[in-house]
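Colleague: Below is the structure I would like to discuss, written out as structure tokens.
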Amino acid sequence: MIKIVKFKYSNTALIKQAFDIRKKVFVIEQKCPPEIEYEFEETSTHFLLIQDGDAICTSRYRETDKGIKLERFAVLKEYRKQGAGHKILKFMLDDLKKFNGLIYMHAQIDVVPFYEKMGFIKEGEVFEEAFIMHYKMKLRR
């Protein structure tokens, strides 16, 4: 059974599960410095995908001066390519249906095709963020 939970930073039990996933994916696996991984947490809306009682995927969004920025998509390695990323992104976009402004993200190069299938388009040139190459992508409306 799969469920997706939307929560705020103040939910310490859920934020710990989200941070555990992000630590495994970003800090350990991708070698992202922890001091830049954990920022804007209090102002973000967080999401956790729970499958059969286990938290396997997380993401968040936050409001910026440009619009809504989708961030920190992380799926535990053993659960990748099984649709968790698709499910959590779709849930987030459904949550933002009434938002009429720009919805965008900074996508790592290797997952650009996934986001393109989900309705995002690349904008601008490739750039480095947290020692990983990214493209800015925005939701096509």
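Ordering of the structure tokens sets the chain letters (A, B, ...), residue numbers begin anew at 1 in every chain, and ligands are numbered from 1 in the order given.
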Within 6 Å of Leu139 in chain A, counting only C-alpha atoms, which residues qualify if same-chain residues fewer than 5 places away don't, as a ChimeraX atom specification?
Modeller: /A:103,119-120
Colleague: Can you write just those residues out, N, CA and C atoms, as a PDB file, in the first residue's frame?
Modeller:
```pdb
ATOM      1  N   ILE A 103       5.919  27.426 -11.825  1.00  0.00           N
ATOM      2  CA  ILE A 103       6.361  26.257 -11.067  1.00  0.00           C
ATOM      3  C   ILE A 103       7.637  25.782 -11.751  1.00  0.00           C
ATOM      4  N   GLY A 119       5.998  16.994 -18.040  1.00  0.00           N
ATOM      5  CA  GLY A 119       5.493  18.293 -18.473  1.00  0.00           C
ATOM      6  C   GLY A 119       6.411  19.474 -18.245  1.00  0.00           C
ATOM      7  N   PHE A 120       7.651  19.239 -17.860  1.00  0.00           N
ATOM      8  CA  PHE A 120       8.607  20.319 -17.631  1.00  0.00           C
ATOM      9  C   PHE A 120       9.473  20.511 -18.876  1.00  0.00           C
TER      10      PHE A 120
END
```
Colleague: At most 12 Å is the cut-off: for each residue in range 5-67 of chain A with any atom that close to an atom of range 74-95 of chain A, write down the nearest atom pair and the distance in Å rounded to one decimal, counting only C-alpha atoms, chain first then increasing number, as JSON lines.
Modeller:
```
{"residue": "A:Val5", "atom": "CA", "partner": "A:Ile88", "partner_atom": "CA", "distance": 9.4}
{"residue": "A:Lys6", "atom": "CA", "partner": "A:Met92", "partner_atom": "CA", "distance": 8.8}
{"residue": "A:Phe7", "atom": "CA", "partner": "A:Met92", "partner_atom": "CA", "distance": 11.8}
{"residue": "A:Gln17", "atom": "CA", "partner": "A:Leu76", "partner_atom": "CA", "distance": 11.7}
{"residue": "A:Ala18", "atom": "CA", "partner": "A:Ala74", "partner_atom": "CA", "distance": 8.9}
{"residue": "A:Phe19", "atom": "CA", "partner": "A:Ala74", "partner_atom": "CA", "distance": 9.9}
{"residue": "A:Asp20", "atom": "CA", "partner": "A:Leu76", "partner_atom": "CA", "distance": 9.9}
{"residue": "A:Ile21", "atom": "CA", "partner": "A:Leu76", "partner_atom": "CA", "distance": 6.5}
{"residue": "A:Arg22", "atom": "CA", "partner": "A:Ala74", "partner_atom": "CA", "distance": 6.1}
{"residue": "A:Lys23", "atom": "CA", "partner": "A:Ala74", "partner_atom": "CA", "distance": 9.4}
{"residue": "A:Lys24", "atom": "CA", "partner": "A:Leu76", "partner_atom": "CA", "distance": 7.4}
{"residue": "A:Val25", "atom": "CA", "partner": "A:Ala74", "partner_atom": "CA", "distance": 6.3}
{"residue": "A:Phe26", "atom": "CA", "partner": "A:Ala74", "partner_atom": "CA", "distance": 7.7}
{"residue": "A:Val27", "atom": "CA", "partner": "A:Ala74", "partner_atom": "CA", "distance": 11.1}
{"residue": "A:Ile28", "atom": "CA", "partner": "A:Leu76", "partner_atom": "CA", "distance": 11.5}
{"residue": "A:Glu29", "atom": "CA", "partner": "A:Lys77", "partner_atom": "CA", "distance": 9.1}
{"residue": "A:Gln30", "atom": "CA", "partner": "A:Ala74", "partner_atom": "CA", "distance": 11.0}
{"residue": "A:Glu37", "atom": "CA", "partner": "A:Ala74", "partner_atom": "CA", "distance": 11.9}
{"residue": "A:Thr45", "atom": "CA", "partner": "A:Met92", "partner_atom": "CA", "distance": 9.7}
{"residue": "A:His46", "atom": "CA", "partner": "A:Met92", "partner_atom": "CA", "distance": 9.5}
{"residue": "A:Phe47", "atom": "CA", "partner": "A:Ile88", "partner_atom": "CA", "distance": 7.5}
{"residue": "A:Leu48", "atom": "CA", "partner": "A:Ile88", "partner_atom": "CA", "distance": 7.7}
{"residue": "A:Leu49", "atom": "CA", "partner": "A:Ile88", "partner_atom": "CA", "distance": 6.6}
{"residue": "A:Ile50", "atom": "CA", "partner": "A:Ala84", "partner_atom": "CA", "distance": 9.3}
{"residue": "A:Gln51", "atom": "CA", "partner": "A:Ala84", "partner_atom": "CA", "distance": 9.0}
{"residue": "A:Asp54", "atom": "CA", "partner": "A:Leu76", "partner_atom": "CA", "distance": 10.7}
{"residue": "A:Ala55", "atom": "CA", "partner": "A:Leu76", "partner_atom": "CA", "distance": 8.9}
{"residue": "A:Ile56", "atom": "CA", "partner": "A:Leu76", "partner_atom": "CA", "distance": 5.5}
{"residue": "A:Cys57", "atom": "CA", "partner": "A:Val75", "partner_atom": "CA", "distance": 4.3}
{"residue": "A:Thr58", "atom": "CA", "partner": "A:Ala74", "partner_atom": "CA", "distance": 5.4}
{"residue": "A:Ser59", "atom": "CA", "partner": "A:Ala74", "partner_atom": "CA", "distance": 6.4}
{"residue": "A:Arg60", "atom": "CA", "partner": "A:Met92", "partner_atom": "CA", "distance": 8.3}
{"residue": "A:Tyr61", "atom": "CA", "partner": "A:Met92", "partner_atom": "CA", "distance": 8.2}
{"residue": "A:Arg62", "atom": "CA", "partner": "A:Met92", "partner_atom": "CA", "distance": 11.3}
```
Colleague: I need the residues in chain A that are alpha helix (DSSP H) according to DSSP; give them as a compact mmCIF listing (two decimals) with all heavy atoms, in the first residue's frame.
Modeller:
```txt
# COMPACT_ATOMS: atom_id res chain seq x y z
N THR A 12 8.06 16.62 13.60
CA THR A 12 9.41 16.11 13.80
C THR A 12 9.57 14.64 13.39
O THR A 12 10.62 14.26 12.89
CB THR A 12 9.86 16.29 15.26
OG1 THR A 12 8.88 15.70 16.13
CG2 THR A 12 10.01 17.77 15.61
N ALA A 13 8.54 13.84 13.56
CA ALA A 13 8.64 12.42 13.18
C ALA A 13 8.78 12.28 11.67
O ALA A 13 9.63 11.53 11.17
CB ALA A 13 7.43 11.64 13.69
N LEU A 14 7.95 13.01 10.92
CA LEU A 14 8.00 12.90 9.46
C LEU A 14 9.23 13.59 8.88
O LEU A 14 9.84 13.08 7.92
CB LEU A 14 6.71 13.46 8.84
CG LEU A 14 5.45 12.66 9.12
CD1 LEU A 14 4.23 13.32 8.48
CD2 LEU A 14 5.57 11.21 8.68
N ILE A 15 9.63 14.72 9.45
CA ILE A 15 10.81 15.41 8.92
C ILE A 15 12.06 14.56 9.13
O ILE A 15 12.95 14.53 8.28
CB ILE A 15 10.97 16.85 9.50
CG1 ILE A 15 11.79 17.72 8.53
CG2 ILE A 15 11.62 16.87 10.85
CD1 ILE A 15 11.11 18.12 7.28
N LYS A 16 12.11 13.82 10.23
CA LYS A 16 13.25 12.92 10.45
C LYS A 16 13.31 11.86 9.37
O LYS A 16 14.39 11.56 8.85
CB LYS A 16 13.16 12.27 11.84
CG LYS A 16 14.36 11.35 12.11
CD LYS A 16 14.20 10.55 13.38
CE LYS A 16 15.37 9.64 13.65
NZ LYS A 16 15.95 8.93 12.52
N GLN A 17 12.17 11.29 9.00
CA GLN A 17 12.15 10.28 7.94
C GLN A 17 12.59 10.88 6.60
O GLN A 17 13.36 10.26 5.85
CB GLN A 17 10.76 9.66 7.82
CG GLN A 17 10.37 8.81 9.02
CD GLN A 17 8.98 8.26 8.87
OE1 GLN A 17 8.73 7.43 8.00
NE2 GLN A 17 8.06 8.71 9.72
N ALA A 18 12.10 12.08 6.30
CA ALA A 18 12.50 12.75 5.06
C ALA A 18 14.00 13.04 5.06
O ALA A 18 14.68 12.80 4.06
CB ALA A 18 11.70 14.04 4.89
N PHE A 19 14.51 13.55 6.17
CA PHE A 19 15.94 13.85 6.26
C PHE A 19 16.79 12.59 6.15
O PHE A 19 17.89 12.62 5.59
CB PHE A 19 16.25 14.58 7.57
CG PHE A 19 15.91 16.05 7.57
CD1 PHE A 19 15.22 16.64 6.52
CD2 PHE A 19 16.27 16.84 8.64
CE1 PHE A 19 14.91 17.99 6.54
CE2 PHE A 19 15.97 18.20 8.66
CZ PHE A 19 15.30 18.77 7.62
N ASP A 20 16.31 11.46 6.70
CA ASP A 20 17.05 10.21 6.59
C ASP A 20 17.20 9.80 5.13
O ASP A 20 18.27 9.38 4.69
CB ASP A 20 16.35 9.08 7.37
CG ASP A 20 16.52 9.22 8.88
OD1 ASP A 20 17.35 10.03 9.34
OD2 ASP A 20 15.79 8.51 9.61
N ILE A 21 16.12 9.94 4.35
CA ILE A 21 16.18 9.62 2.92
C ILE A 21 17.13 10.57 2.21
O ILE A 21 18.00 10.15 1.43
CB ILE A 21 14.77 9.69 2.28
CG1 ILE A 21 13.88 8.58 2.83
CG2 ILE A 21 14.87 9.59 0.75
CD1 ILE A 21 12.41 8.72 2.46
N ARG A 22 17.00 11.86 2.48
CA ARG A 22 17.86 12.85 1.83
C ARG A 22 19.33 12.65 2.19
O ARG A 22 20.22 12.84 1.35
CB ARG A 22 17.39 14.26 2.17
CG ARG A 22 16.11 14.61 1.41
CD ARG A 22 15.46 15.87 1.85
NE ARG A 22 16.37 16.99 1.98
CZ ARG A 22 16.01 18.15 2.53
NH1 ARG A 22 14.77 18.34 2.97
NH2 ARG A 22 16.88 19.14 2.63
N PRO A 34 26.47 18.58 3.61
CA PRO A 34 25.26 18.71 4.45
C PRO A 34 24.87 20.16 4.72
O PRO A 34 23.68 20.46 4.84
CB PRO A 34 25.63 18.00 5.75
CG PRO A 34 26.94 17.37 5.55
CD PRO A 34 27.51 17.80 4.24
N GLU A 35 25.85 21.06 4.77
CA GLU A 35 25.52 22.45 5.08
C GLU A 35 24.71 23.13 3.98
O GLU A 35 24.04 24.13 4.23
CB GLU A 35 26.78 23.27 5.42
CG GLU A 35 27.80 23.36 4.33
CD GLU A 35 28.83 22.21 4.31
OE1 GLU A 35 28.63 21.20 5.01
OE2 GLU A 35 29.82 22.35 3.58
N ILE A 36 24.73 22.59 2.76
CA ILE A 36 23.88 23.17 1.72
C ILE A 36 22.66 22.29 1.42
O ILE A 36 21.74 22.72 0.75
CB ILE A 36 24.66 23.48 0.42
CG1 ILE A 36 25.26 22.24 -0.19
CG2 ILE A 36 25.70 24.55 0.67
CD1 ILE A 36 25.92 22.48 -1.54
N GLU A 37 22.67 21.07 1.94
CA GLU A 37 21.52 20.18 1.73
C GLU A 37 20.32 20.62 2.58
O GLU A 37 19.19 20.56 2.14
CB GLU A 37 21.90 18.73 2.06
CG GLU A 37 20.73 17.77 2.08
CD GLU A 37 19.90 17.77 0.81
OE1 GLU A 37 20.44 18.00 -0.28
OE2 GLU A 37 18.68 17.54 0.91
N ALA A 84 7.85 5.69 -7.85
CA ALA A 84 7.68 6.54 -6.66
C ALA A 84 7.87 8.01 -6.99
O ALA A 84 7.09 8.86 -6.53
CB ALA A 84 8.66 6.12 -5.56
N GLY A 85 8.86 8.34 -7.80
CA GLY A 85 9.10 9.73 -8.19
C GLY A 85 7.93 10.30 -8.96
O GLY A 85 7.51 11.43 -8.73
N HIS A 86 7.40 9.51 -9.87
CA HIS A 86 6.22 9.92 -10.64
C HIS A 86 5.03 10.20 -9.71
O HIS A 86 4.36 11.23 -9.84
CB HIS A 86 5.87 8.83 -11.65
CG HIS A 86 4.60 9.07 -12.39
ND1 HIS A 86 4.55 9.81 -13.55
CD2 HIS A 86 3.33 8.71 -12.12
CE1 HIS A 86 3.29 9.88 -13.96
NE2 HIS A 86 2.54 9.22 -13.12
N LYS A 87 4.80 9.31 -8.77
CA LYS A 87 3.65 9.45 -7.86
C LYS A 87 3.77 10.70 -6.99
O LYS A 87 2.80 11.44 -6.82
CB LYS A 87 3.50 8.20 -7.00
CG LYS A 87 2.97 7.00 -7.75
CD LYS A 87 2.87 5.78 -6.83
CE LYS A 87 2.29 4.60 -7.56
NZ LYS A 87 3.27 3.83 -8.31
N ILE A 88 4.95 10.93 -6.42
CA ILE A 88 5.10 12.06 -5.51
C ILE A 88 5.04 13.39 -6.29
O ILE A 88 4.45 14.36 -5.81
CB ILE A 88 6.36 11.93 -4.63
CG1 ILE A 88 6.18 12.75 -3.33
CG2 ILE A 88 7.62 12.32 -5.38
CD1 ILE A 88 7.16 12.39 -2.24
N LEU A 89 5.61 13.42 -7.49
CA LEU A 89 5.55 14.63 -8.30
C LEU A 89 4.12 14.93 -8.71
O LEU A 89 3.67 16.07 -8.63
CB LEU A 89 6.46 14.52 -9.52
CG LEU A 89 6.44 15.72 -10.48
CD1 LEU A 89 6.75 17.03 -9.77
CD2 LEU A 89 7.41 15.48 -11.63
N LYS A 90 3.39 13.92 -9.14
CA LYS A 90 1.99 14.11 -9.53
C LYS A 90 1.17 14.62 -8.34
O LYS A 90 0.36 15.52 -8.47
CB LYS A 90 1.41 12.81 -10.06
CG LYS A 90 -0.01 12.96 -10.58
CD LYS A 90 -0.51 11.67 -11.20
CE LYS A 90 -1.92 11.76 -11.72
NZ LYS A 90 -2.82 12.70 -11.13
N PHE A 91 1.42 14.07 -7.16
CA PHE A 91 0.73 14.50 -5.94
C PHE A 91 1.02 15.98 -5.66
O PHE A 91 0.12 16.76 -5.34
CB PHE A 91 1.18 13.63 -4.76
CG PHE A 91 0.40 13.84 -3.51
CD1 PHE A 91 -0.71 13.07 -3.22
CD2 PHE A 91 0.79 14.80 -2.57
CE1 PHE A 91 -1.43 13.24 -2.05
CE2 PHE A 91 0.08 14.99 -1.41
CZ PHE A 91 -1.04 14.21 -1.14
N MET A 92 2.28 16.38 -5.81
CA MET A 92 2.66 17.77 -5.58
C MET A 92 1.99 18.71 -6.58
O MET A 92 1.49 19.77 -6.21
CB MET A 92 4.18 17.93 -5.66
CG MET A 92 4.92 17.23 -4.55
SD MET A 92 6.70 17.23 -4.82
CE MET A 92 7.10 18.93 -4.41
N LEU A 93 2.00 18.31 -7.85
CA LEU A 93 1.38 19.15 -8.88
C LEU A 93 -0.13 19.25 -8.67
O LEU A 93 -0.71 20.32 -8.89
CB LEU A 93 1.73 18.63 -10.27
CG LEU A 93 3.21 18.73 -10.65
CD1 LEU A 93 3.46 18.10 -12.02
CD2 LEU A 93 3.71 20.16 -10.60
N ASP A 94 -0.76 18.17 -8.23
CA ASP A 94 -2.19 18.23 -7.89
C ASP A 94 -2.42 19.19 -6.73
O ASP A 94 -3.38 19.95 -6.72
CB ASP A 94 -2.72 16.84 -7.53
CG ASP A 94 -2.90 15.93 -8.73
OD1 ASP A 94 -2.89 16.44 -9.88
OD2 ASP A 94 -3.05 14.71 -8.53
N ASP A 95 -1.51 19.18 -5.77
CA ASP A 95 -1.60 20.08 -4.62
C ASP A 95 -1.48 21.54 -5.04
O ASP A 95 -2.02 22.44 -4.39
CB ASP A 95 -0.51 19.72 -3.60
CG ASP A 95 -0.65 20.46 -2.29
OD1 ASP A 95 -1.72 20.34 -1.66
OD2 ASP A 95 0.30 21.17 -1.91
N VAL A 112 16.59 14.79 -16.21
CA VAL A 112 15.87 15.72 -17.08
C VAL A 112 14.82 15.00 -17.93
O VAL A 112 13.68 15.46 -18.02
CB VAL A 112 16.85 16.55 -17.94
CG1 VAL A 112 16.15 17.21 -19.12
CG2 VAL A 112 17.54 17.60 -17.07
N PRO A 113 15.13 13.85 -18.55
CA PRO A 113 14.10 13.17 -19.35
C PRO A 113 12.85 12.79 -18.55
O PRO A 113 11.73 12.87 -19.05
CB PRO A 113 14.82 11.93 -19.89
CG PRO A 113 16.26 12.31 -19.89
CD PRO A 113 16.43 13.20 -18.69
N PHE A 114 13.03 12.40 -17.30
CA PHE A 114 11.90 12.08 -16.43
C PHE A 114 11.00 13.31 -16.27
O PHE A 114 9.78 13.22 -16.43
CB PHE A 114 12.40 11.59 -15.06
CG PHE A 114 11.33 11.56 -14.01
CD1 PHE A 114 10.39 10.54 -13.97
CD2 PHE A 114 11.25 12.56 -13.04
CE1 PHE A 114 9.40 10.52 -13.00
CE2 PHE A 114 10.27 12.55 -12.07
CZ PHE A 114 9.34 11.53 -12.05
N TYR A 115 11.59 14.45 -15.96
CA TYR A 115 10.79 15.66 -15.75
C TYR A 115 10.16 16.15 -17.05
O TYR A 115 9.06 16.70 -17.04
CB TYR A 115 11.63 16.75 -15.08
CG TYR A 115 11.98 16.39 -13.66
CD1 TYR A 115 13.30 16.21 -13.26
CD2 TYR A 115 10.99 16.22 -12.70
CE1 TYR A 115 13.62 15.87 -11.95
CE2 TYR A 115 11.30 15.87 -11.39
CZ TYR A 115 12.62 15.69 -11.03
OH TYR A 115 12.92 15.35 -9.74
N GLU A 116 10.85 15.95 -18.17
CA GLU A 116 10.26 16.31 -19.46
C GLU A 116 8.98 15.50 -19.71
O GLU A 116 7.98 16.04 -20.18
CB GLU A 116 11.27 16.12 -20.59
CG GLU A 116 12.35 17.17 -20.58
CD GLU A 116 13.45 16.94 -21.60
OE1 GLU A 116 13.74 15.78 -21.94
OE2 GLU A 116 14.04 17.95 -22.04
N LYS A 117 9.00 14.22 -19.37
CA LYS A 117 7.80 13.38 -19.52
C LYS A 117 6.67 13.86 -18.62
O LYS A 117 5.50 13.60 -18.91
CB LYS A 117 8.13 11.92 -19.20
CG LYS A 117 8.97 11.25 -20.24
CD LYS A 117 9.30 9.82 -19.81
CE LYS A 117 10.36 9.23 -20.71
NZ LYS A 117 10.93 8.00 -20.18
```
Colleague: Which one of A:Ile121, A:Leu102, A:Ile132, A:Met137 sits closest to Pro33 in chain A if you count only C-alpha atoms?
Modeller: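 Nearest to Pro33 in chain A: A:Ile132.
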